[in-house]
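Here's upload-v1.cif, which has mmCIF, C-alpha atoms and all ligand atoms:
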data_query
#
loop_
_atom_site.label_atom_id
_atom_site.label_comp_id
_atom_site.auth_asym_id
_atom_site.auth_seq_id
_atom_site.Cartn_x
_atom_site.Cartn_y
_atom_site.Cartn_z
CA MET D 1 28.22 -25.68 -30.33
CA GLU D 2 25.32 -27.69 -29.22
CA GLU D 3 26.11 -30.71 -27.09
CA VAL D 4 24.67 -33.14 -29.61
CA ASP D 5 26.93 -31.72 -32.35
CA TRP D 6 29.95 -31.88 -30.06
CA LEU D 7 29.21 -35.52 -29.20
CA ALA D 8 28.80 -36.45 -32.86
CA ALA D 9 32.06 -34.72 -33.77
CA HIS D 10 33.96 -36.39 -30.95
CA ALA D 11 32.41 -39.87 -31.08
CA THR D 12 35.54 -41.23 -32.76
CA ASP D 13 38.10 -39.43 -30.57
CA ALA D 14 38.86 -42.70 -28.81
CA ASP D 15 39.80 -44.35 -32.13
CA LYS D 16 42.06 -41.40 -33.01
CA ARG D 17 43.93 -41.85 -29.72
CA LYS D 18 44.85 -45.46 -30.54
CA HIS D 19 48.12 -44.54 -32.21
CA THR D 20 49.21 -41.86 -29.79
CA VAL D 21 48.05 -42.98 -26.36
CA GLU D 22 49.64 -46.01 -24.79
CA ARG D 23 47.14 -48.73 -23.91
CA GLU D 24 44.31 -47.04 -25.85
CA ALA D 25 43.92 -49.70 -28.55
CA PRO D 26 43.10 -52.65 -26.23
CA ARG D 27 40.29 -50.64 -24.65
CA HIS D 28 38.31 -51.14 -27.88
CA TYR D 29 38.19 -54.94 -28.02
CA LEU D 30 38.31 -58.25 -26.19
CA ASP D 31 39.81 -61.19 -28.07
CA ARG D 32 37.66 -63.55 -26.04
CA ASP D 33 38.59 -66.59 -28.14
CA ALA D 34 42.36 -66.01 -27.90
CA PRO D 35 43.95 -69.13 -26.38
CA ALA D 36 45.79 -66.83 -23.95
CA LEU D 37 42.42 -65.81 -22.47
CA SER D 38 41.30 -69.34 -21.65
CA CYS D 39 42.36 -68.27 -18.15
CA LEU D 40 39.03 -66.41 -18.05
CA ASP D 41 37.08 -69.64 -18.39
CA THR D 42 37.25 -70.38 -14.69
CA VAL D 43 36.47 -66.96 -13.19
CA GLY D 44 32.76 -66.65 -13.93
CA SER D 45 30.82 -64.88 -16.64
CA ALA D 46 31.63 -61.28 -15.63
CA PRO D 47 34.92 -61.25 -13.72
CA TRP D 48 36.11 -58.04 -12.12
CA PHE D 49 39.42 -56.75 -13.48
CA SER D 50 41.27 -57.66 -10.29
CA ARG D 51 39.96 -61.23 -10.40
CA ALA D 52 40.75 -61.56 -14.10
CA SER D 53 44.23 -60.09 -13.57
CA ALA D 54 44.89 -62.61 -10.85
CA ALA D 55 43.83 -65.45 -13.16
CA CYS D 56 45.42 -64.24 -16.42
CA CYS D 57 48.11 -61.72 -15.43
CA GLU D 58 47.37 -58.08 -16.13
CA ASP D 59 49.73 -57.81 -19.12
CA THR D 60 47.79 -60.59 -20.87
CA LEU D 61 44.55 -58.66 -20.44
CA TRP D 62 46.12 -55.53 -21.93
CA ALA D 63 47.46 -57.62 -24.81
CA TYR D 64 44.11 -59.20 -25.69
CA GLY D 65 41.76 -56.39 -24.77
CA VAL D 66 39.94 -54.84 -21.82
CA LEU D 67 36.72 -53.63 -23.50
CA PRO D 68 34.15 -54.88 -20.97
CA TRP D 69 36.09 -53.37 -18.06
CA GLN D 70 36.64 -50.16 -20.01
CA ILE D 71 32.89 -49.63 -20.23
CA GLY D 72 32.71 -49.76 -16.44
CA TRP D 73 35.67 -47.38 -16.08
CA SER D 74 34.21 -44.94 -18.60
CA HIS D 75 30.83 -45.07 -16.89
CA ALA D 76 32.47 -44.27 -13.56
CA ARG D 77 34.24 -41.31 -15.17
CA LEU D 78 30.93 -39.98 -16.53
CA VAL D 79 29.29 -40.36 -13.10
CA GLU D 80 32.11 -38.29 -11.62
CA ALA D 81 31.79 -35.64 -14.33
CA PHE D 82 28.03 -35.38 -13.76
CA ASP D 83 28.64 -35.19 -10.02
CA GLN D 84 31.08 -32.31 -10.50
CA LYS D 85 28.85 -30.66 -13.11
CA ASP D 86 31.93 -30.20 -15.26
CA ARG D 87 30.61 -29.49 -18.75
CA GLN D 88 33.76 -30.41 -20.70
CA ALA D 89 34.36 -33.54 -18.63
CA ILE D 90 30.73 -34.63 -19.09
CA LEU D 91 30.93 -34.27 -22.87
CA ARG D 92 34.31 -36.01 -23.12
CA ALA D 93 33.28 -38.89 -20.89
CA ALA D 94 29.91 -39.27 -22.66
CA ALA D 95 31.61 -39.38 -26.08
CA ASP D 96 34.14 -42.00 -24.94
CA LEU D 97 31.57 -44.15 -23.14
CA GLY D 98 29.36 -44.07 -26.22
CA HIS D 99 32.26 -45.12 -28.41
CA TYR D 100 33.24 -48.11 -26.27
CA VAL D 101 29.62 -49.24 -25.92
CA ALA D 102 29.23 -49.11 -29.71
CA ASP D 103 32.45 -51.11 -30.18
CA ALA D 104 31.13 -53.73 -27.76
CA HIS D 105 28.18 -54.33 -30.08
CA VAL D 106 30.43 -55.23 -33.03
CA PRO D 107 31.08 -59.01 -33.18
CA LEU D 108 34.52 -58.57 -34.75
CA HIS D 109 35.60 -56.47 -31.73
CA THR D 110 35.37 -59.64 -29.62
CA THR D 111 37.60 -62.06 -31.49
CA LEU D 112 41.26 -62.63 -32.28
CA ASN D 113 40.15 -63.08 -35.91
CA TYR D 114 38.99 -59.45 -35.91
CA ASN D 115 39.51 -58.85 -39.63
CA GLY D 116 38.99 -62.39 -40.90
CA GLN D 117 42.77 -62.42 -41.24
CA LEU D 118 43.18 -65.87 -39.64
CA THR D 119 40.76 -67.51 -42.07
CA GLY D 120 41.62 -65.86 -45.39
CA GLN D 121 38.76 -63.36 -45.07
CA GLU D 122 40.78 -60.16 -44.80
CA GLY D 123 38.86 -56.91 -44.86
CA LEU D 124 35.75 -58.31 -43.21
CA HIS D 125 35.98 -55.85 -40.30
CA SER D 126 35.23 -52.78 -42.37
CA VAL D 127 32.66 -54.64 -44.48
CA TRP D 128 30.57 -55.39 -41.37
CA GLU D 129 31.25 -52.17 -39.49
CA THR D 130 31.31 -49.58 -42.30
CA ARG D 131 30.36 -50.89 -45.74
CA LEU D 132 27.07 -52.56 -44.81
CA PRO D 133 25.78 -49.66 -42.62
CA GLU D 134 26.80 -47.14 -45.30
CA LEU D 135 24.94 -49.06 -47.98
CA PHE D 136 21.88 -50.19 -46.05
CA GLY D 137 21.79 -48.09 -42.85
CA GLY D 138 19.29 -45.73 -44.46
CA GLY D 139 16.75 -48.54 -44.22
CA TYR D 140 17.46 -49.38 -40.60
CA ASP D 141 14.67 -48.69 -38.19
CA LEU D 142 16.70 -46.62 -35.74
CA LEU D 143 14.03 -44.16 -34.64
CA LEU D 144 11.95 -46.88 -33.03
CA VAL D 145 14.69 -47.80 -30.59
CA GLU D 146 13.05 -48.91 -27.38
CA SER D 147 13.07 -46.52 -24.45
CA VAL D 148 16.17 -46.28 -22.33
CA GLU D 149 16.41 -48.02 -19.01
CA TYR D 150 18.44 -47.63 -15.86
CA VAL D 151 21.25 -50.20 -15.80
CA PRO D 152 21.96 -51.11 -12.18
CA ASP D 153 24.96 -53.36 -12.92
CA VAL D 154 27.02 -51.71 -15.68
CA HIS D 155 29.87 -54.19 -15.31
CA GLY D 156 27.61 -57.22 -15.76
CA TRP D 157 25.75 -55.48 -18.58
CA ALA D 158 29.00 -54.77 -20.44
CA TRP D 159 30.04 -58.41 -20.24
CA GLN D 160 26.62 -59.53 -21.43
CA VAL D 161 26.83 -57.22 -24.47
CA VAL D 162 30.36 -58.33 -25.34
CA MET D 163 29.43 -62.01 -25.10
CA GLU D 164 26.26 -61.47 -27.15
CA SER D 165 28.43 -59.90 -29.85
CA HIS D 166 30.89 -62.74 -29.54
CA GLY D 167 28.05 -65.17 -30.13
CA HIS D 168 27.61 -63.69 -33.61
CA VAL D 169 31.23 -64.15 -34.70
CA ALA D 170 30.78 -67.64 -36.15
CA LYS D 171 27.90 -66.49 -38.36
CA VAL D 172 29.74 -63.33 -39.50
CA LEU D 173 32.58 -65.56 -40.75
CA SER D 174 30.63 -68.55 -42.06
CA GLU D 175 28.14 -66.48 -44.07
CA GLU D 176 30.96 -64.50 -45.67
CA ARG D 177 32.56 -67.79 -46.67
CA ARG D 178 29.29 -69.21 -47.96
CA VAL D 179 28.30 -66.11 -49.95
CA SER D 180 31.78 -65.74 -51.43
CA ALA D 181 31.97 -69.42 -52.41
CA SER D 182 28.69 -69.28 -54.32
CA TRP D 183 29.30 -65.83 -55.84
CA ALA D 184 29.66 -65.95 -59.59
CA GLY D 185 30.20 -62.28 -60.44
CA GLY D 186 33.02 -59.98 -59.42
CA ASP D 187 32.85 -59.28 -55.71
CA VAL D 188 35.23 -56.31 -55.60
CA VAL D 189 34.81 -52.88 -57.16
CA ARG D 190 36.97 -49.77 -57.17
CA GLU D 191 35.27 -46.76 -55.65
CA GLU D 192 36.34 -43.29 -54.75
CA ARG D 193 36.31 -42.44 -51.05
CA GLY D 194 37.49 -39.05 -49.87
CA GLY D 195 39.34 -38.47 -53.13
CA VAL D 196 41.14 -41.83 -52.94
CA MET D 197 40.38 -44.86 -55.10
CA GLN D 198 39.76 -47.88 -52.90
CA GLN D 199 38.82 -51.49 -53.39
CA GLN D 200 35.39 -52.21 -51.99
CA ARG D 201 33.09 -55.18 -51.88
CA ALA D 202 30.57 -54.87 -54.71
CA VAL D 203 27.14 -53.57 -53.70
CA GLU D 204 25.31 -56.71 -54.84
CA TRP D 205 27.72 -58.94 -52.94
CA CYS D 206 27.13 -56.78 -49.86
CA ARG D 207 23.37 -57.01 -50.30
CA THR D 208 23.52 -60.80 -50.47
CA TYR D 209 25.81 -60.94 -47.41
CA ASP D 210 23.62 -58.51 -45.45
CA GLU D 211 20.56 -60.66 -46.23
CA ALA D 212 22.47 -63.77 -45.17
CA LEU D 213 23.20 -62.07 -41.82
CA ASP D 214 19.43 -61.76 -41.43
CA GLY D 215 19.17 -58.34 -39.78
CA MET D 216 22.19 -58.79 -37.52
CA VAL D 217 23.84 -55.46 -38.34
CA GLU D 218 20.64 -53.52 -37.81
CA GLU D 219 19.91 -55.34 -34.54
CA ARG D 220 23.40 -54.60 -33.19
CA TRP D 221 23.05 -50.92 -34.21
CA ARG D 222 19.67 -50.57 -32.52
CA SER D 223 20.99 -52.32 -29.45
CA ALA D 224 24.07 -50.03 -29.41
CA ILE D 225 21.96 -46.87 -29.58
CA ARG D 226 19.75 -48.09 -26.77
CA GLY D 227 22.81 -49.13 -24.76
CA VAL D 228 24.59 -45.79 -25.12
CA SER D 229 21.44 -43.89 -24.14
CA SER D 230 20.83 -46.18 -21.18
CA LEU D 231 24.37 -45.87 -19.82
CA TRP D 232 24.39 -42.08 -20.19
CA TYR D 233 21.10 -41.96 -18.30
CA SER D 234 22.33 -44.44 -15.68
CA ALA D 235 25.48 -42.38 -15.06
CA TRP D 236 23.34 -39.30 -14.47
CA VAL D 237 21.11 -41.23 -12.04
CA ASP D 238 24.17 -42.67 -10.28
CA ALA D 239 25.52 -39.13 -9.88
CA GLY D 240 22.40 -38.28 -7.89
CA GLU D 241 20.38 -36.83 -10.78
CA PRO D 242 22.07 -33.41 -10.72
CA ASN D 243 20.27 -30.42 -12.17
CA LEU D 244 22.22 -29.70 -15.34
CA SER D 245 20.27 -26.74 -16.65
CA ASP D 246 23.07 -24.33 -15.75
CA VAL D 247 25.74 -26.62 -17.26
CA LEU D 248 24.35 -28.02 -20.48
CA GLY D 249 22.25 -26.64 -23.30
CA GLY D 250 22.34 -22.91 -22.70
CA GLY D 251 20.31 -20.62 -24.92
CA GLU D 252 17.47 -21.36 -27.27
CA SER D 253 18.75 -24.39 -29.10
CA LYS D 254 18.95 -27.06 -26.44
CA SER D 255 19.49 -30.48 -27.91
CA ARG D 256 16.67 -32.96 -27.63
CA ARG D 257 18.84 -35.30 -25.57
CA TRP D 258 19.62 -32.74 -22.92
CA ARG D 259 16.09 -31.42 -22.85
CA TRP D 260 15.13 -35.01 -22.18
CA PHE D 261 17.65 -35.19 -19.34
CA GLN D 262 16.04 -32.12 -17.86
CA ARG D 263 12.57 -33.62 -18.21
CA LYS D 264 13.83 -36.71 -16.39
CA GLU D 265 14.87 -34.45 -13.54
CA LYS D 266 11.29 -33.29 -13.27
CA LYS D 267 10.18 -36.95 -13.25
CA GLU D 268 8.15 -36.60 -16.38
CA ASP D 269 7.80 -38.83 -19.40
CA PRO D 270 10.47 -41.56 -19.32
CA GLN D 271 10.46 -41.96 -23.12
CA VAL D 272 13.40 -40.72 -25.15
CA PRO D 273 12.24 -38.26 -27.80
ZN ZN U 1 36.86 -48.13 -31.33
#
If you convert what's in this file into structure tokens, what do you get?
Amino acid sequence: MEEVDWLAAHATDADKRKHTVEREAPRHYLDRDAPALSCLDTVGSAPWFSRASAACCEDTLWAYGVLPWQIGWSHARLVEAFDQKDRQAILRAAADLGHYVADAHVPLHTTLNYNGQLTGQEGLHSVWETRLPELFGGGYDLLLVESVEYVPDVHGWAWQVVMESHGHVAKVLSEERRVSASWAGGDVVREERGGVMQQQRAVEWCRTYDEALDGMVEERWRSAIRGVSSLWYSAWVDAGEPNLSDVLGGGESKSRRWRWFQRKEKKEDPQVP
């Protein structure tokens, strides 16, 4: 299987582990607005895990999420895998890092009110994360994602992304409330998904909500794609730019991503294809 197919197939492995692996679930979020995490208010904008543990107690961090630190840990694991030129480890670490970086771009992964459940807006998580991209993602301008860049401070970058996402939480909630309050028609439809009938937000309601969010979902998606690419590239640079031609992409059908990695080794065009 080509690497790009493997990565696509395993991009959600981390989510599947949530119910079987202890401490997996909190790696996917940070409930930054949980009162229990007010202990983070005094330790700077991007505290190291040790500093945060000292201020909040480690169990509290695992209870309310460790997403920004997880991105640093996953990046370190990918650097190690690149360094060892271990094909399976590289693919696994790249898939997991990509997953956590994508989660960090979702506003509702940064709040205690992650499903609107605290404000009578249940179900909002999948509306933002799944329903809107499924309906309107075809129109997103994802091919024009800006070129990747080397990220020298992954830890600080991860915190910046998480707090940017967190900055969108108020709008995600308030626009849902506003659109729903002024909505005259039915806002829920029954649709078949994977052979099962499910309640879904009506397409027109979703369109109005997506417009009210003013490009937010598309911007977060573009930013996530650029972020994943940049951290993969940064991990490879941090591993000393190993030659991967004997490890990845054997045969004729090398994926574009790995061909690009190889071009980077030759110090050619820095643009992602
Ligand atoms: Zn996740």
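Checking D:Arg17, D:Arg32, D:Arg131, D:His99 one by one against ligand ZN 1 (chain U), counting all atoms listed in the file, you find the shortest gap at D:His99.
Residue nearest ligand ZN 1 (chain U) within the list D:Leu143, D:Val172, D:Val4, D:Ala25: D:Ala25 [criterion: smallest interatomic distance, all atoms listed in the file].
When atom CA of D:Ala93 is paired with atom CA of D:Ala76, their separation reads 9.1 Å.
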### Task
Determine, counting all atoms listed in the file, which protein, DNA and RNA residues have an atom within 12 Å of an atom of D:Gly116; residues of the same chain fewer than 5 positions away are not included. Present the result as a VMD selection string.
chain D and resid 107 to 109 111 121 to 128 169 to 170 172 to 174 176 to 177
Pick out the residues no farther than 9 Å from ligand ZN 1 (chain U), counting all atoms listed in the file, and list them as a PDB file with C-alpha atoms, keeping the file's coordinate frame.
ATOM      1  CA  THR D  12      35.540 -41.230 -32.760  1.00  0.00           C
ATOM      2  CA  ASP D  13      38.100 -39.430 -30.570  1.00  0.00           C
ATOM      3  CA  ALA D  14      38.860 -42.700 -28.810  1.00  0.00           C
ATOM      4  CA  ASP D  15      39.800 -44.350 -32.130  1.00  0.00           C
ATOM      5  CA  LYS D  16      42.060 -41.400 -33.010  1.00  0.00           C
ATOM      6  CA  LYS D  18      44.850 -45.460 -30.540  1.00  0.00           C
ATOM      7  CA  ALA D  25      43.920 -49.700 -28.550  1.00  0.00           C
ATOM      8  CA  ARG D  27      40.290 -50.640 -24.650  1.00  0.00           C
ATOM      9  CA  HIS D  28      38.310 -51.140 -27.880  1.00  0.00           C
ATOM     10  CA  TYR D  29      38.190 -54.940 -28.020  1.00  0.00           C
ATOM     11  CA  HIS D  99      32.260 -45.120 -28.410  1.00  0.00           C
ATOM     12  CA  TYR D 100      33.240 -48.110 -26.270  1.00  0.00           C
ATOM     13  CA  ALA D 102      29.230 -49.110 -29.710  1.00  0.00           C
ATOM     14  CA  ASP D 103      32.450 -51.110 -30.180  1.00  0.00           C
ATOM     15  CA  ALA D 104      31.130 -53.730 -27.760  1.00  0.00           C
ATOM     16  CA  HIS D 109      35.600 -56.470 -31.730  1.00  0.00           C
TER      17      HIS D 109
END
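For the choices D:Ser229, D:Ser180, D:Gln200, D:Thr110, the atom-to-atom distance to D:Ser165 is smallest for D:Thr110 when using all atoms listed in the file.
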Using all atoms listed in the file, list the residues that have an atom at most 9 Å from (22.9, -66.7, -40.7), coordinates as in the file, as an mmCIF file with C-alpha atoms, in the coordinates of the input.
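Output file point38.cif follows:
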data_model
loop_
_atom_site.group_PDB
_atom_site.id
_atom_site.type_symbol
_atom_site.label_atom_id
_atom_site.label_comp_id
_atom_site.auth_asym_id
_atom_site.auth_seq_id
_atom_site.Cartn_x
_atom_site.Cartn_y
_atom_site.Cartn_z
ATOM 1 C CA LYS D 171 27.900 -66.490 -38.360
ATOM 2 C CA VAL D 172 29.740 -63.330 -39.500
ATOM 3 C CA SER D 174 30.630 -68.550 -42.060
ATOM 4 C CA GLU D 175 28.140 -66.480 -44.070
ATOM 5 C CA GLU D 211 20.560 -60.660 -46.230
ATOM 6 C CA ALA D 212 22.470 -63.770 -45.170
ATOM 7 C CA LEU D 213 23.200 -62.070 -41.820
ATOM 8 C CA ASP D 214 19.430 -61.760 -41.430
ATOM 9 C CA MET D 216 22.190 -58.790 -37.520
#
### Message
I want to know what sits within 12 Å of D:Ala94, based on all atoms listed in the file, with residues of the same chain fewer than 4 positions away left out; could you give that as an MDAnalysis selection string?
### Response
chainID D and resid 3:4 6:8 10:14 71 73:82 86:90 98:101 228:236
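A straight line drawn from atom CA of D:Leu91 to atom CA of D:Leu142 is 22.8 Å long.
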If we count all atoms listed in the file, what is near D:Trp205 at a cut-off of 9 Å, once residues fewer than 2 positions away on the same chain are taken out, given as a PDB file with C-alpha atoms, keeping the file's coordinate frame?
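After the write, around-v3.pdb holds the following:
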ATOM      1  CA  VAL D 179      28.300 -66.110 -49.950  1.00  0.00           C
ATOM      2  CA  SER D 180      31.780 -65.740 -51.430  1.00  0.00           C
ATOM      3  CA  TRP D 183      29.300 -65.830 -55.840  1.00  0.00           C
ATOM      4  CA  GLY D 185      30.200 -62.280 -60.440  1.00  0.00           C
ATOM      5  CA  GLY D 186      33.020 -59.980 -59.420  1.00  0.00           C
ATOM      6  CA  ASP D 187      32.850 -59.280 -55.710  1.00  0.00           C
ATOM      7  CA  VAL D 188      35.230 -56.310 -55.600  1.00  0.00           C
ATOM      8  CA  ARG D 201      33.090 -55.180 -51.880  1.00  0.00           C
ATOM      9  CA  ALA D 202      30.570 -54.870 -54.710  1.00  0.00           C
ATOM     10  CA  VAL D 203      27.140 -53.570 -53.700  1.00  0.00           C
ATOM     11  CA  ARG D 207      23.370 -57.010 -50.300  1.00  0.00           C
ATOM     12  CA  THR D 208      23.520 -60.800 -50.470  1.00  0.00           C
ATOM     13  CA  TYR D 209      25.810 -60.940 -47.410  1.00  0.00           C
ATOM     14  CA  ASP D 210      23.620 -58.510 -45.450  1.00  0.00           C
TER      15      ASP D 210
END
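A distance cut-off of 7 Å around (38.1, -58.1, -18.8), counting all atoms listed in the file, selects these protein and nucleic acid residues: Pro47, Trp48, Phe49, Ala52, Leu61, Val66, Leu67, Pro68 and Trp69 of chain D.
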### Task
Compare D:Glu149, D:Ala34, D:Arg23, D:Gln160 by their minimum atom-to-atom distance to D:Leu118, counting all atoms listed in the file, and give me the closest one.
D:Ala34
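Taking atom CA of D:Gln198 as the reference point, atom CA of D:Tyr114 is found at 20.6 Å.
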